[in-house]
file work20.txt (compact mmCIF, C-alpha atoms and all ligand atoms)
# COMPACT_ATOMS: atom_id res chain seq x y z
CA MET W 1 201.89 157.11 134.63
CA ALA W 2 199.57 155.36 137.10
CA PRO W 3 200.50 156.20 140.70
CA GLN W 4 201.02 152.58 141.78
CA THR W 5 203.92 152.14 139.32
CA LEU W 6 205.81 154.78 141.31
CA LEU W 7 205.58 152.82 144.54
CA ASP W 8 208.77 150.99 145.50
CA ASP W 9 208.89 147.62 147.24
CA GLY W 10 209.17 147.66 151.03
CA ARG W 11 207.27 148.95 154.04
CA TYR W 12 205.08 152.07 154.17
CA ASP W 13 203.90 154.13 157.13
CA LEU W 14 200.53 155.43 155.90
CA HIS W 15 199.58 157.77 158.77
CA THR W 16 201.76 160.69 159.93
CA HIS W 17 201.20 164.25 161.16
CA SER W 18 203.46 167.26 160.65
CA VAL W 19 203.46 170.83 162.00
CA VAL W 20 200.85 171.54 159.30
CA SER W 21 198.46 170.00 161.83
CA ASP W 22 199.36 168.67 165.28
CA GLY W 23 202.70 166.93 164.71
CA THR W 24 205.98 168.44 165.91
CA LEU W 25 208.18 167.83 162.81
CA THR W 26 208.03 169.50 159.40
CA PRO W 27 206.90 167.32 156.46
CA ALA W 28 210.52 167.24 155.22
CA GLU W 29 211.78 166.12 158.63
CA ILE W 30 209.29 163.23 158.69
CA VAL W 31 210.46 162.12 155.24
CA ASP W 32 214.09 162.32 156.39
CA GLU W 33 213.34 160.18 159.41
CA ALA W 34 211.50 157.64 157.24
CA ALA W 35 214.46 157.46 154.86
CA ASP W 36 216.86 156.96 157.78
CA LEU W 37 214.64 154.13 159.06
CA GLY W 38 214.74 152.41 155.65
CA LEU W 39 211.02 152.73 154.92
CA ALA W 40 210.03 152.54 151.24
CA GLY W 41 207.56 155.36 151.62
CA ILE W 42 205.21 157.34 153.80
CA ALA W 43 201.87 159.07 153.64
CA LEU W 44 201.40 162.51 155.18
CA THR W 45 197.90 162.64 156.69
CA ASP W 46 197.54 165.97 158.48
CA HIS W 47 194.13 166.75 159.98
CA ASP W 48 191.77 168.38 157.45
CA THR W 49 194.56 169.85 155.32
CA THR W 50 196.81 168.94 152.40
CA GLY W 51 199.12 171.90 153.06
CA GLY W 52 202.20 169.74 153.69
CA TRP W 53 202.03 167.63 150.53
CA LEU W 54 204.36 169.68 148.33
CA GLN W 55 207.19 169.85 150.86
CA ALA W 56 206.87 166.14 151.67
CA ALA W 57 206.72 165.12 147.99
CA GLN W 58 209.79 167.20 147.14
CA ARG W 59 211.86 165.80 150.01
CA ALA W 60 210.67 162.27 149.19
CA ALA W 61 211.87 162.73 145.61
CA ASP W 62 215.24 163.97 146.92
CA ARG W 63 215.59 161.02 149.28
CA GLY W 64 214.34 158.33 146.87
CA LEU W 65 211.24 157.62 148.94
CA SER W 66 207.72 157.01 147.62
CA PHE W 67 205.18 159.58 148.77
CA VAL W 68 201.50 158.81 149.28
CA PRO W 69 199.40 162.00 149.64
CA GLY W 70 196.76 161.78 152.34
CA MET W 71 194.58 163.66 154.79
CA GLU W 72 192.77 162.72 158.02
CA LEU W 73 189.22 164.03 157.86
CA THR W 74 187.37 164.92 161.08
CA THR W 75 184.06 163.02 161.02
CA LYS W 76 181.44 161.69 163.42
CA THR W 77 179.23 158.61 163.62
CA ASN W 78 176.35 158.59 166.11
CA GLY W 79 177.82 161.77 167.57
CA LEU W 80 181.18 160.14 168.31
CA ALA W 81 184.47 161.28 166.77
CA VAL W 82 185.65 159.08 163.90
CA HIS W 83 188.77 159.80 161.85
CA LEU W 84 188.76 159.00 158.17
CA LEU W 85 191.93 158.82 156.09
CA GLY W 86 191.63 159.97 152.47
CA TYR W 87 194.47 159.05 150.11
CA TYR W 88 195.10 160.52 146.64
CA ILE W 89 192.23 163.00 146.93
CA ASP W 90 192.10 165.94 144.53
CA PRO W 91 192.80 168.77 147.00
CA THR W 92 191.10 171.28 144.70
CA TYR W 93 187.75 169.40 144.51
CA PRO W 94 185.38 172.20 145.65
CA PRO W 95 182.91 170.19 147.80
CA LEU W 96 185.77 168.64 149.77
CA ARG W 97 187.49 172.01 150.14
CA GLU W 98 184.27 173.52 151.45
CA VAL W 99 184.04 170.83 154.12
CA THR W 100 187.69 171.05 155.19
CA ASP W 101 187.53 174.87 155.23
CA ARG W 102 184.46 174.67 157.45
CA ILE W 103 186.07 172.11 159.77
CA ARG W 104 189.26 174.16 160.11
CA GLY W 105 187.29 177.34 160.72
CA ASP W 106 185.26 175.64 163.41
CA ARG W 107 188.38 174.09 164.96
CA ASP W 108 189.65 177.65 165.39
CA ARG W 109 186.39 178.78 167.05
CA ARG W 110 186.37 175.71 169.27
CA ALA W 111 190.01 176.02 170.35
CA ARG W 112 189.48 179.69 171.23
CA ALA W 113 186.36 178.75 173.20
CA MET W 114 188.26 176.08 175.14
CA VAL W 115 191.11 178.50 175.91
CA GLN W 116 188.53 181.07 177.06
CA LEU W 117 186.99 178.56 179.48
CA LEU W 118 190.40 177.32 180.66
CA SER W 119 191.74 180.83 181.20
CA ASP W 120 189.17 181.36 183.98
CA ASP W 121 191.20 178.88 186.04
CA ILE W 122 194.64 178.73 184.39
CA ALA W 123 196.78 181.78 183.64
CA PHE W 124 197.37 181.45 179.90
CA THR W 125 196.00 183.04 176.72
CA TRP W 126 195.29 182.43 173.04
CA ASP W 127 198.66 184.05 172.27
CA ASP W 128 200.36 181.18 174.12
CA VAL W 129 198.63 178.81 171.69
CA LEU W 130 199.67 180.88 168.66
CA ASN W 131 203.25 180.80 169.96
CA VAL W 132 203.43 176.99 169.80
CA MET W 133 201.75 176.64 166.37
CA ALA W 134 203.08 176.87 162.84
CA ASP W 135 201.35 179.55 160.72
CA GLY W 136 198.29 178.17 158.97
CA ALA W 137 198.31 174.85 160.85
CA THR W 138 195.06 173.02 161.57
CA VAL W 139 194.54 173.80 165.26
CA GLY W 140 193.63 171.08 167.74
CA ARG W 141 193.74 170.26 171.42
CA PRO W 142 197.41 169.21 171.07
CA HIS W 143 198.29 172.89 170.51
CA ILE W 144 196.39 173.90 173.64
CA ALA W 145 198.32 171.14 175.42
CA ASP W 146 201.63 172.51 174.08
CA ALA W 147 200.68 176.01 175.26
CA LEU W 148 199.90 174.68 178.75
CA VAL W 149 203.21 172.77 178.75
CA SER W 150 205.10 175.89 177.59
CA ARG W 151 203.67 177.78 180.57
CA GLY W 152 204.69 175.00 182.93
CA PHE W 153 201.23 173.70 183.86
CA TYR W 154 201.77 170.16 182.54
CA ALA W 155 204.78 167.96 181.81
CA ASP W 156 203.61 166.85 178.35
CA ARG W 157 200.61 166.60 176.02
CA GLY W 158 199.48 163.33 177.57
CA ALA W 159 199.19 164.90 181.04
CA ALA W 160 197.09 167.78 179.69
CA PHE W 161 194.86 165.37 177.74
CA ALA W 162 194.34 163.20 180.80
CA ASP W 163 193.15 166.24 182.73
CA VAL W 164 191.63 169.43 181.27
CA LEU W 165 191.56 168.43 177.56
CA HIS W 166 189.70 165.18 178.08
CA PRO W 167 186.24 164.98 176.38
CA GLY W 168 184.72 164.58 179.85
CA SER W 169 186.34 167.78 181.12
CA LYS W 170 184.20 170.84 181.90
CA TYR W 171 186.47 172.79 179.54
CA TYR W 172 185.78 170.52 176.58
CA VAL W 173 184.02 172.06 173.59
CA PRO W 174 183.07 169.89 170.58
CA ASN W 175 183.90 170.89 167.01
CA TYR W 176 182.09 170.55 163.71
CA ALA W 177 182.56 167.23 161.96
CA VAL W 178 181.02 165.76 158.82
CA GLU W 179 179.07 162.48 159.06
CA THR W 180 181.50 159.62 158.39
CA VAL W 181 179.37 158.12 155.56
CA ASP W 182 179.31 161.53 153.87
CA GLY W 183 183.07 161.78 154.37
CA VAL W 184 183.52 158.42 152.62
CA ARG W 185 181.41 159.59 149.67
CA LEU W 186 183.19 162.94 149.53
CA ILE W 187 186.65 161.33 149.44
CA ARG W 188 185.50 159.00 146.65
CA GLU W 189 183.99 161.92 144.71
CA ALA W 190 187.32 163.72 145.09
CA GLY W 191 188.97 160.72 143.37
CA GLY W 192 190.47 159.49 146.63
CA VAL W 193 190.54 156.28 148.63
CA PRO W 194 188.88 156.29 152.10
CA ILE W 195 190.31 154.23 154.96
CA LEU W 196 188.88 154.17 158.47
CA ALA W 197 191.59 155.30 160.94
CA HIS W 198 192.28 153.59 164.29
CA PRO W 199 188.80 151.95 164.56
CA ALA W 200 189.51 150.54 168.03
CA ALA W 201 191.59 153.32 169.57
CA GLN W 202 191.85 153.18 173.35
CA ARG W 203 190.96 156.83 173.70
CA GLN W 204 187.47 156.08 172.36
CA ARG W 205 184.92 154.60 174.71
CA ARG W 206 184.42 151.66 172.39
CA ALA W 207 185.40 150.40 168.96
CA ILE W 208 183.42 151.44 165.89
CA PRO W 209 180.35 149.13 165.82
CA VAL W 210 180.29 146.49 163.06
CA SER W 211 176.88 147.85 161.95
CA ALA W 212 178.52 151.23 161.30
CA LEU W 213 181.31 149.53 159.37
CA VAL W 214 178.72 147.87 157.11
CA SER W 215 177.15 151.27 156.32
CA LEU W 216 180.58 152.76 155.61
CA ALA W 217 181.48 149.88 153.30
CA GLU W 218 178.20 150.39 151.42
CA ALA W 219 179.09 154.07 151.04
CA GLY W 220 182.45 153.15 149.48
CA LEU W 221 184.93 152.65 152.31
CA TYR W 222 188.04 150.96 150.87
CA GLY W 223 189.93 149.86 153.95
CA ILE W 224 190.43 149.84 157.68
CA GLU W 225 193.51 150.63 159.79
CA LEU W 226 193.51 147.53 161.98
CA ASP W 227 197.23 147.71 162.74
CA HIS W 228 197.63 150.92 164.76
CA PRO W 229 199.49 151.40 168.07
CA GLU W 230 196.36 152.68 169.83
CA ASN W 231 193.92 149.99 168.70
CA ARG W 232 192.89 147.82 171.64
CA ALA W 233 193.68 144.19 170.84
CA GLU W 234 190.53 142.89 172.58
CA TRP W 235 188.27 145.09 170.42
CA LEU W 236 189.81 143.94 167.13
CA PRO W 237 188.52 140.37 166.46
CA PRO W 238 184.95 141.32 165.39
CA LEU W 239 186.33 144.12 163.22
CA ARG W 240 188.80 141.73 161.60
CA VAL W 241 185.98 139.31 160.76
CA ALA W 242 183.80 142.12 159.40
CA ALA W 243 186.69 143.53 157.35
CA THR W 244 187.18 140.14 155.67
CA GLU W 245 183.44 139.75 154.98
CA LEU W 246 183.18 143.28 153.62
CA ARG W 247 186.39 142.81 151.57
CA LEU W 248 188.05 145.82 153.12
CA ALA W 249 191.77 146.34 152.68
CA VAL W 250 193.71 146.23 155.96
CA THR W 251 196.43 148.78 156.61
CA GLY W 252 199.00 149.39 159.32
CA ALA W 253 200.39 152.77 160.29
CA SER W 254 201.90 154.56 163.28
CA ASP W 255 199.93 157.84 163.44
CA TYR W 256 203.27 159.50 164.13
CA HIS W 257 203.08 162.97 165.71
CA GLY W 258 206.83 163.52 166.27
CA ALA W 259 207.45 164.33 169.92
CA GLY W 260 203.72 164.92 170.48
CA LYS W 261 202.84 161.29 171.13
CA ALA W 262 204.53 158.03 172.11
CA ASN W 263 203.83 156.49 168.67
CA ARG W 264 207.07 155.93 166.73
CA LEU W 265 207.45 156.29 162.97
CA GLY W 266 207.40 152.86 161.29
CA GLN W 267 205.98 151.21 164.44
CA CYS W 268 203.15 149.79 162.32
CA THR W 269 203.46 149.55 158.55
CA THR W 270 201.79 148.40 155.33
CA ASP W 271 203.41 146.35 152.58
CA ALA W 272 203.96 147.88 149.12
CA GLU W 273 201.58 145.36 147.56
CA VAL W 274 198.67 146.69 149.64
CA VAL W 275 199.72 150.30 148.95
CA ARG W 276 199.80 149.63 145.19
CA ALA W 277 196.29 148.15 145.28
CA LEU W 278 195.15 151.19 147.27
CA ALA W 279 196.72 153.57 144.74
CA ALA W 280 195.07 151.69 141.88
CA GLU W 281 191.68 152.61 143.42
CA ALA W 282 192.40 156.32 143.09
CA HIS W 283 191.02 158.35 140.20
CA LEU W 284 193.68 160.86 139.34
P1 LIG O 301 191.33 167.43 168.41
O1 LIG O 301 191.66 167.27 166.96
O2 LIG O 301 191.42 168.81 168.87
O3 LIG O 301 190.04 166.78 168.80
O4 LIG O 301 192.46 166.63 169.21
C1 LIG O 301 192.64 165.27 168.92
C2 LIG O 301 194.10 165.00 168.60
O5 LIG O 301 194.82 164.99 169.81
C3 LIG O 301 194.31 163.68 167.93
O6 LIG O 301 194.67 163.86 166.59
C4 LIG O 301 195.43 163.01 168.66
O7 LIG O 301 196.55 162.87 167.84
C5 LIG O 301 195.79 163.96 169.79
N1 LIG O 301 195.71 163.27 171.08
C6 LIG O 301 194.65 162.66 171.63
N2 LIG O 301 194.96 162.17 172.85
C7 LIG O 301 196.27 162.47 173.06
C8 LIG O 301 197.18 162.22 174.11
N3 LIG O 301 196.82 161.57 175.22
N4 LIG O 301 198.45 162.68 173.97
C9 LIG O 301 198.83 163.35 172.87
N5 LIG O 301 198.01 163.61 171.84
C10 LIG O 301 196.75 163.18 171.93
FE FE O 302 196.45 164.27 165.75
FE FE O 303 193.23 160.20 164.23
ZN ZN O 304 196.13 160.75 162.96
call {"tool": "encode", "arguments": {"input": "work20.txt", "output": "structure tokens"}}
result
Amino acid sequence: MAPQTLLDDGRYDLHTHSVVSDGTLTPAEIVDEAADLGLAGIALTDHDTTGGWLQAAQRAADRGLSFVPGMELTTKTNGLAVHLLGYYIDPTYPPLREVTDRIRGDRDRRARAMVQLLSDDIAFTWDDVLNVMADGATVGRPHIADALVSRGFYADRGAAFADVLHPGSKYYVPNYAVETVDGVRLIREAGGVPILAHPAAQRQRRAIPVSALVSLAEAGLYGIELDHPENRAEWLPPLRVAATELRLAVTGASDYHGAGKANRLGQCTTDAEVVRALAAEAHL
């Protein structure tokens, strides 16, 4: 059966993170919350891993929710961080696995390096980070933030990000990322559907340039997440025009991280019709 025939009518939240990356809820808990909210379905899009899919899919089946498998790939364009959502990818496709394995391995190196630098000035260790992480999770700065919070140095993740975890901080260490155009091609080759995440997020210095969007569309980008809590409204109009000209699908999603961020599940959503068209693009 084609995947889109399994997608119920209603609203979908197409961007969520569990403890398999930097969210604070398990995949099953996210599905439960979505069911309680009356959403038709959700996508799980943990950073650089598909490790939560099975648990989410099983709970979704139990709760009568539609599940959209996804992943948020760590990429870069002109040296700046760009997040790329890949839906319905084949998680066993070797070239994609090689890239995600490399990214996760380098995230580990980078997080350890940041903790090493931080520990010169702040009394905490890598063990404090391990203590706040689920086994096998994709590590990120949010886990370093949680470790600092657990030791009483900051009130919450946001406070740690605003200070020592900020890209401008002397403790900041960059991590490996694949070029965004290559990420788009890789997701397509893996049978998946690439969507550009939060293209105008406040935490970036500026929105993704329209020229970059054109290159991504030429490489096979399917859509763009224009409706996201962190997109800056004043940066959106040129992207909206470009998305129409480039015939990109437009999605909405919350980027829910449980208690790790202010974003609430279902805060931004996508209609089933758009999700079905997205699913029809996948090559399963
Ligand atoms: P990293 O993957 O290590 O570069 O860390 C980036 C992640 O940190 C993103 O996925 C965001 O979800 C999260 N993040 C960024 N800024 C903040 C913030 N101010 N508060 C909480 N989480 C944040
Ligand atoms: Fe995140
Ligand atoms: Fe992201
Ligand atoms: Zn995300």
call {"tool": "residues_around", "arguments": {"input": "work20.txt", "residues": "Trp235 of chain W", "least_positions_apart": "6", "cutoff": "8 Å", "atoms": "all atoms listed in the file", "output": "PyMOL selection string"}}
result
chain W and resi 200+206-207
call {"tool": "residues_near_ligand", "arguments": {"input": "work20.txt", "ligand": "ligand FE 303 (chain O)", "cutoff": "12 Å", "atoms": "only C-alpha atoms and all ligand atoms", "output": "ChimeraX atom specification"}}
result
/W:15-17,21-23,45-48,71-76,81-86,140,195-204,225,228-231,253-257,261
call {"tool": "closest_atom_pairs", "arguments": {"input": "work20.txt", "of": "chain W", "to": "ligand LIG 301 (chain O)", "cutoff": "6 Å", "atoms": "only C-alpha atoms and all ligand atoms", "output": "CSV"}}
result
residue,atom,partner,partner_atom,distance
W:Gly140,CA,O:LIG301,O2,3.4
W:Arg141,CA,O:LIG301,O2,3.7
W:Pro142,CA,O:LIG301,O5,5.1
W:Arg157,CA,O:LIG301,C9,4.9
W:Gly158,CA,O:LIG301,N4,3.8
W:Phe161,CA,O:LIG301,N3,5.0
W:Gly260,CA,O:LIG301,C9,5.7
W:Lys261,CA,O:LIG301,C9,4.8
call {"tool": "axis_aligned_box", "arguments": {"input": "work20.txt", "around": "segment 229-247 of chain W", "padding_each_side": "5 Å", "output": "lines of an AutoDock Vina configuration file"}}
result
center_x = 191.3
center_y = 146.0
center_z = 162.1
size_x = 26.3
size_y = 23.4
size_z = 31.0
call {"tool": "atom_distance", "arguments": {"input": "work20.txt", "atom1": "atom CA of Thr92 of chain W", "atom2": "atom CA of Thr26 of chain W"}}
result
22.5 Å
call {"tool": "residues_around", "arguments": {"input": "work20.txt", "residues": "Asn78 of chain W", "least_positions_apart": "3", "cutoff": "12 Å", "atoms": "only C-alpha atoms", "output": "compact mmCIF listing (two decimals) with C-alpha atoms, in the coordinates of the input"}}
result
# COMPACT_ATOMS: atom_id res chain seq x y z
CA THR W 75 184.06 163.02 161.02
CA ALA W 81 184.47 161.28 166.77
CA VAL W 82 185.65 159.08 163.90
CA ALA W 177 182.56 167.23 161.96
CA VAL W 178 181.02 165.76 158.82
CA GLU W 179 179.07 162.48 159.06
CA THR W 180 181.50 159.62 158.39
CA VAL W 181 179.37 158.12 155.56
CA ILE W 208 183.42 151.44 165.89
CA PRO W 209 180.35 149.13 165.82
CA SER W 211 176.88 147.85 161.95
CA ALA W 212 178.52 151.23 161.30
call {"tool": "residues_around", "arguments": {"input": "work20.txt", "residues": "Pro69 of chain W", "least_positions_apart": "3", "cutoff": "7 Å", "atoms": "all atoms listed in the file", "output": "number ranges by chain"}}
result
W: 43-44, 53, 87-88
call {"tool": "residues_around", "arguments": {"input": "work20.txt", "residues": "segment 237-248 of chain W", "least_positions_apart": "5", "cutoff": "7 Å", "atoms": "only C-alpha atoms", "output": "VMD selection string"}}
result
chain W and resid 210 217 222 to 224
call {"tool": "residues_around", "arguments": {"input": "work20.txt", "residues": "segment 167-172 of chain W", "least_positions_apart": "3", "cutoff": "8 Å", "atoms": "all atoms listed in the file", "output": "VMD selection string"}}
result
chain W and resid 114 117 to 118 163 to 164
call {"tool": "atom_distance", "arguments": {"input": "work20.txt", "atom1": "atom CA of Ala145 of chain W", "atom2": "atom CA of Asp106 of chain W"}}
result
18.3 Å
call {"tool": "residues_near_point", "arguments": {"input": "work20.txt", "point": "(187.6, 173.9, 153.5)", "cutoff": "12 Å", "atoms": "only C-alpha atoms", "output": "number ranges by chain"}}
result
W: 47-51, 73-74, 91-107, 138, 177-178
call {"tool": "atom_distance", "arguments": {"input": "work20.txt", "atom1": "atom CA of Gly79 of chain W", "atom2": "atom CA of Ala233 of chain W"}}
result
23.9 Å
call {"tool": "closest_residue", "arguments": {"input": "work20.txt", "among": "W:Leu14, W:Ala134, W:Pro27, W:Asp8", "to": "Gln267 of chain W", "atoms": "all atoms listed in the file"}}
result
W:Leu14
call {"tool": "closest_residue", "arguments": {"input": "work20.txt", "among": "W:Thr269, W:Gln58, W:Asn263, W:Gln116", "to": "ligand FE 302 (chain O)", "atoms": "only C-alpha atoms and all ligand atoms"}}
result
W:Asn263
call {"tool": "closest_residue", "arguments": {"input": "work20.txt", "among": "W:Ala60, W:Val173, W:Leu25, W:Leu7", "to": "Arg110 of chain W", "atoms": "only C-alpha atoms"}}
result
W:Val173
call {"tool": "residues_near_point", "arguments": {"input": "work20.txt", "point": "(209.4, 150.4, 153.0)", "cutoff": "10 Å", "atoms": "all atoms listed in the file", "output": "list in words"}}
result
Leu7, Asp8, Asp9, Gly10, Arg11, Tyr12, Asp13, Ala34, Ala35, Leu37, Gly38, Leu39, Ala40, Gly41, Ile42, Leu65, Ser66, Gly266, Thr269, Thr270, Asp271 and Ala272 of chain W
call {"tool": "closest_residue", "arguments": {"input": "work20.txt", "among": "W:Ala190, W:Arg232, W:Val149, W:Gly70", "to": "ligand ZN 304 (chain O)", "atoms": "all atoms listed in the file"}}
result
W:Gly70
call {"tool": "closest_residue", "arguments": {"input": "work20.txt", "among": "W:Ala111, W:Leu165, W:Leu6, W:Ala137", "to": "Gly64 of chain W", "atoms": "all atoms listed in the file"}}
result
W:Leu6
call {"tool": "closest_residue", "arguments": {"input": "work20.txt", "among": "W:Gly191, W:Ala280, W:Leu265, W:Gly252", "to": "Asp90 of chain W", "atoms": "only C-alpha atoms"}}
result
W:Gly191
